[in-house]
Amino acid sequence: MAASVPVAWTRVTAGQTSFSVFPKPIQKSPQDDREYRIIKLDNGLQAMLIHDAKADKAAASLDVAVGHLYDPDDMPGLAHFCEHLLFMYLSKNNGSSNAFTGTSNTNYYFNVSTTALYGALSRFSGFFHSPLFAPSCTARELNAVDSEHKRNHQSDMWRIFQTNKHLSKDGHPWRKFGTGHKESLSKVGRELKAKGTLNSNLVMKSADGSLAPTPNDSRAPSPSPSVNSTSSEMDGDGGVVGRETRRRLVEWWSNEYCAGRMRLCVVGNESLDELAAMVAKLFSPIPNRGREPLHMIPDHPFGPNEMGTLVSVHTIMAFHALEISFPIPYLPPYWRHKPASFLAHFIGHEGPGSLHSYLKGKGWITDLSSGPQNLARGFAMFKVTLRMTPQGFENYETIMEHVFNYISLLRSSKFPAWYQRERSQISATRFRFAEKRRPDDYAVWVTEHMTWPVPPDLVISAPQLVEEWDENDAEHGGEKEMRAFLDLLSIERSRAVLMAKAEEHERVRGKDVVWEKEPWYGTPYRVERLSVEIVQKARGPNNLSELFLPGPNEFIPTNLEVEKRDVETPAKRPQLVRQTPLSSLWHKKDDQFWVPRARVVIDIRSPLANSSARSIVMTRLFADLVTDSLTEFSYDADLAGLAYTFSPQSLGLYVMLHGYNDKLHVLTKDILTRARRLEIKPERLEVMKDQAKREWENHLLGAPYRLSNYYYRFLLAARDWSVEELIAEVASITPEELRKYITTLLSKVHMNMLVIGNMYKDEACGLAKMAEDIIQASPIPADEVQELSLVLPPGSNHTWATVVPNKNEANSSLTKRRVTASLLAHILSEPAFNVLRTREQLGYIVSAGHWQVNGGGQSGIGFVIQSERTQELFEHKTSLQKQWREAPKNLNEEMNRYWNHIEYGFLDFHRRFIEADLIEGVTKEEVLELFSSHVDPSSKERSKLSIHLKSQKPRPPKISIAAMEAFAQKVAEKGYTVEEQAWRDALVGDGETALDKFGQYWRDTLLAQAATVPPEVAQGLTAEVPVLMKQCPAVDDGADEATLGKDVIFIQEPNAFRASLAVNERPQPMVEWGDLPTSKY
Ligand SMILES: [Zn+2]
């Protein structure tokens, strides 16, 4: 790499603060109308300022170059816990915020209305120069971290990630457990407490006195800590143990959070000078602690013990996968030619001659991906990941061999320079016409890339562009780098991970295998050395003539012209430009983004599609087979920035395409033709059937909150079939039956189409006509096939209770759907309950919002877990208004807005703007009236449907209030001081209490008085608990019904319940636009 010449930064003073400015212009796409500037504060913090005159949302991201690999060894999860306790939620002013903890960085970000940027930024900077680490939030955030871990616990992605980490070099930081949980974060405190070295009466203020009180009084006050007890972990500050965890957190933070390690990006509509002054003033107070700005971990976690191994892992979900990993160096220094991605381009190719094509043809895989990945700052991995069929799994060794055959082919191949030129061209086009992203996403992207070793003026362009090889420079021209990476992809340096369910491993590998357990998730795994035979085979040259390198990509766009005009106000809706008995076409020529791209949706509806569970299954198999048959052909299109999906929907099929408009019609034509003339290969059908079945089975094993949402949609859809019904049909479908079905499915249809972007009206009409000509169906009336919903009768209260199918899933879910027919509910309820989403103690997934049953005129307020924060309602009124008036950021957002109205047939494209005006006049009384008529349990009009999914894991035992009272009395009798109010506050809350919570409280309380009452007395009391529990048994034994009230009707059989409900009326257009000269054909 050529060394970059250092550039002198310019000194600037704004107000009282001085800072440095990078003098060169920042390289950006000619299409990009934003302005950029990089500044460096005297404390070492670097900031990218982005002025966007058109922005209606501002955003910021701050990246700290410290992540969970920097956790203290005895406190796994501390960096993550720090992220939680440092950053409190900002939700006002149409804003949202979040943060994440990575391996070597932690990123905090938010977006907010442009007018509110200064205030939000000032609070945000406060988190970094004067964090509260509010002691009273310790217990709550420990619980939040703990819940996150519980949520991940049954996720294969997390389980395998941690197993991979666990199986690295001894003592390497990569092995750490980054999420952490309550136990990992409290263990040290507990041990110290047991030794009696923690002073239970000490109330922590700060660790080193460096925590000044926050200068911003605008931050929401934190709940004050309980004064009754200083020793219980139930307290806000987590008792002595929680205070110790927090002390360690502050100590760690004081060491690691150094301004020199921070990178900031701010996007706003203020000028660059204003943004610079703002940032300099607000962020200069962050201390520089003299830490290394970008600490690198150059040592790779894979050593000789890890390489050359095969790891088998049990999964929860039913799938078969093989992942081959090769240790490679940290990638950012290779930013010019991106050699590892060059190799990924070939190994992951899906065109003719590819590894994918070959293995798919054998019926062994369904998916192959390949690419490099930075694991942390300092080391990376190259991965080849294959999703296998059951037969593929049986032949995993041969699959591995073929992966290495392909790598051998690469090694022996010559690479003419046009390969790299093609990549360079594609990246340049993509960069040139990149559409804007959400400003907070963009800010995060920028701060994460500011750590790359590139000249500051290239920080935006370098990560996105690929330079051509310089054929005259053999040393640095690019090819040599690529060859060096290719040498690293040898079998001796690889580790293969084989993933499948326990019974599948048993089926293929036999029963007498000893499994070990990963310590944090308990994932069973097994490690063995790769066999000598496979190593021998993999080393040899490639002998498969089916494998060869791809040819030039015909889909690279050549016409990228955009005719830009001055448009005062962009149109707010598409127009109906063509209507025939067979199809309706809505169209809008782009008038705001000016990129050579377009989006096309073709919604093909057929009365046959949802006539039975069997037809639903066959529609899906049809769509899967079409997609499958197109892979080889469409892969180049995909690389060149043209994407499509051909997918089933409950009423038929969706064809969606997007990308450079130049060759979009070619792709559309080919997809439709392929669909019309699909040749069903029996062996491919078998693969698709197996895949569909597994997906449905896995769906039932999914997270309970997702399942409960699925059940409620199912219960209220006029025509739908349960996943179990679909699974029952799939096995018996034959190629012959499917062939007939497809012919009938496509014989009578109606098509709704939407075309937006850089395509003129006549081009869109040409596309619609082409679609009609290819499909060649007879028409049905446009409103014949519509999705209809069921209506809950007013004043009803139903509950459907079932069990969570995954027996190891400890979480239950309670979804309550309260139906109101009022649009007003939507206007008002959404902001009110969105605040519940984060950080409530009720559960880790708490959500609420407006919902709508597909195709129904019905709407309502849905929430998972309930709360009472109605006062927030009004504060969010203007925020909601801003949200509705926000301009779409890119073509995709714009399309989704329109499509929704077309899909459901309401066509009221202006609704969001009308409602934004309407909300102005809504009074508090109206909201309360709505609440009392439709949500309040005492209302006669209210209709409610609850879905209770109960975990099959035994619930923790509970203790009744009577037993607790009797116990407290016995404690007092033995001479202890009992604070009546304190134990009630801590334990009674919502009635009966979990036994372990009860035990913990009293253990702490009695221990605190060990000086006055001898410990033997406490032991005697413990023995009383089971006796009292028998005398005064708890009512709640895992039965939610106890709290449900008398009028609840339990749904016995879902289909019978559905049959008892009335079907909603067909949706009708709310607006007649009169776009066409004659209203009908
Ligand atoms: Zn978290």
# chains A, B, ... in the order shown; residues from 1 in each chain; ligands from 1
>>> residues_near_ligand(ligand="ligand 1", cutoff="10 Å", atoms="only C-alpha atoms and all ligand atoms", output="short mmCIF file (atom, residue, chain, number, x, y, z; two decimals) with N, CA and C atoms, in the first residue's frame")
data_model
loop_
_atom_site.label_atom_id
_atom_site.label_comp_id
_atom_site.auth_asym_id
_atom_site.auth_seq_id
_atom_site.Cartn_x
_atom_site.Cartn_y
_atom_site.Cartn_z
N GLY A 77 -19.83 -9.59 30.07
CA GLY A 77 -21.01 -8.78 29.77
C GLY A 77 -20.92 -7.36 30.28
N ALA A 79 -19.19 -4.66 29.26
CA ALA A 79 -19.28 -3.61 28.24
C ALA A 79 -20.74 -3.45 27.80
N HIS A 80 -21.42 -4.55 27.68
CA HIS A 80 -22.83 -4.52 27.29
C HIS A 80 -23.69 -3.88 28.38
N PHE A 81 -23.40 -4.25 29.62
CA PHE A 81 -24.13 -3.67 30.74
C PHE A 81 -23.88 -2.16 30.80
N CYS A 82 -22.65 -1.76 30.51
CA CYS A 82 -22.30 -0.34 30.49
C CYS A 82 -23.14 0.38 29.44
N GLU A 83 -23.25 -0.23 28.27
CA GLU A 83 -24.07 0.37 27.20
C GLU A 83 -25.50 0.58 27.70
N HIS A 84 -26.03 -0.40 28.43
CA HIS A 84 -27.40 -0.29 28.93
C HIS A 84 -27.56 0.82 29.96
N LEU A 85 -26.62 0.86 30.89
CA LEU A 85 -26.82 1.78 32.02
C LEU A 85 -26.43 3.21 31.64
N ASN A 98 -31.02 4.00 19.97
CA ASN A 98 -30.64 2.66 20.34
C ASN A 98 -29.13 2.56 20.43
N ALA A 99 -28.65 1.40 20.78
CA ALA A 99 -27.22 1.20 20.93
C ALA A 99 -26.93 -0.28 20.78
N PHE A 100 -25.69 -0.60 20.43
CA PHE A 100 -25.32 -2.01 20.42
C PHE A 100 -23.88 -2.17 20.84
N THR A 101 -23.57 -3.32 21.42
CA THR A 101 -22.21 -3.62 21.85
C THR A 101 -21.62 -4.66 20.92
N GLU A 141 -31.63 -2.67 34.68
CA GLU A 141 -30.82 -2.94 33.50
C GLU A 141 -30.13 -4.31 33.59
N LEU A 142 -29.84 -4.75 34.81
CA LEU A 142 -29.33 -6.13 34.95
C LEU A 142 -30.39 -7.10 34.44
N ALA A 144 -32.67 -6.38 32.26
CA ALA A 144 -32.81 -6.23 30.80
C ALA A 144 -31.73 -7.05 30.09
N VAL A 145 -30.51 -7.00 30.61
CA VAL A 145 -29.43 -7.79 30.01
C VAL A 145 -29.74 -9.28 30.15
N ASP A 146 -30.23 -9.64 31.32
CA ASP A 146 -30.56 -11.03 31.58
C ASP A 146 -31.65 -11.52 30.61
N SER A 147 -32.64 -10.68 30.39
CA SER A 147 -33.72 -11.03 29.47
C SER A 147 -33.20 -11.20 28.05
N GLU A 148 -32.26 -10.33 27.68
CA GLU A 148 -31.70 -10.44 26.34
C GLU A 148 -31.04 -11.80 26.16
N HIS A 149 -30.32 -12.20 27.19
CA HIS A 149 -29.67 -13.51 27.11
C HIS A 149 -30.71 -14.62 27.03
N THR A 179 -22.74 -11.03 25.73
CA THR A 179 -24.06 -10.56 26.16
C THR A 179 -24.08 -10.42 27.68
N GLY A 180 -23.54 -11.39 28.34
CA GLY A 180 -23.59 -11.41 29.80
C GLY A 180 -24.97 -11.76 30.28
#
>>> residues_around(residues="A:Arg377", least_positions_apart="5", cutoff="9 Å", atoms="only C-alpha atoms", output="list in words")
Ala65, Thr103, Ser104, Asn105, Leu294, His295, Met296, Ile297, Pro298 and Tyr330 of chain A
>>> atom_distance(atom1="atom CA of A:Ile775", atom2="atom CA of A:Val749")
9.0 Å
>>> atom_distance(atom1="atom CA of A:Leu264", atom2="atom CA of A:Asn892")
27.7 Å
>>> residues_around(residues="stretch 1053-1055 of chain A", least_positions_apart="2", cutoff="8 Å", atoms="only C-alpha atoms", output="PyMOL selection string")
chain A and resi 715+800+1051+1057-1059
>>> write_last_selection(atoms="C-alpha atoms", output="short mmCIF file (atom, residue, chain, number, x, y, z; two decimals), in the first residue's frame")
data_model
loop_
_atom_site.label_atom_id
_atom_site.label_comp_id
_atom_site.auth_asym_id
_atom_site.auth_seq_id
_atom_site.Cartn_x
_atom_site.Cartn_y
_atom_site.Cartn_z
CA LEU A 715 -57.97 -16.64 14.18
CA TRP A 800 -57.32 -19.14 23.10
CA ILE A 1051 -61.90 -21.06 22.53
CA PHE A 1057 -64.52 -20.27 16.63
CA ARG A 1058 -63.61 -18.77 13.29
CA ALA A 1059 -66.72 -20.21 11.69
#
>>> residues_around(residues="A:Lys501", least_positions_apart="3", cutoff="9 Å", atoms="only C-alpha atoms", output="list in words")
Val313, His314, Thr315, Ile316, Met317, Ala318, Phe319, His320, Glu504, His505 and Glu506 of chain A
>>> closest_residue(among="A:Gly268, A:Glu941, A:Thr197, A:Glu306", to="A:His51", atoms="only C-alpha atoms")
A:Gly268
>>> select_by_dssp(residues="stretch 320-373 of chain A", states="helix (DSSP H, G or I)", output="MDAnalysis selection string")
chainID A and resid 332:334 339:347 355:361
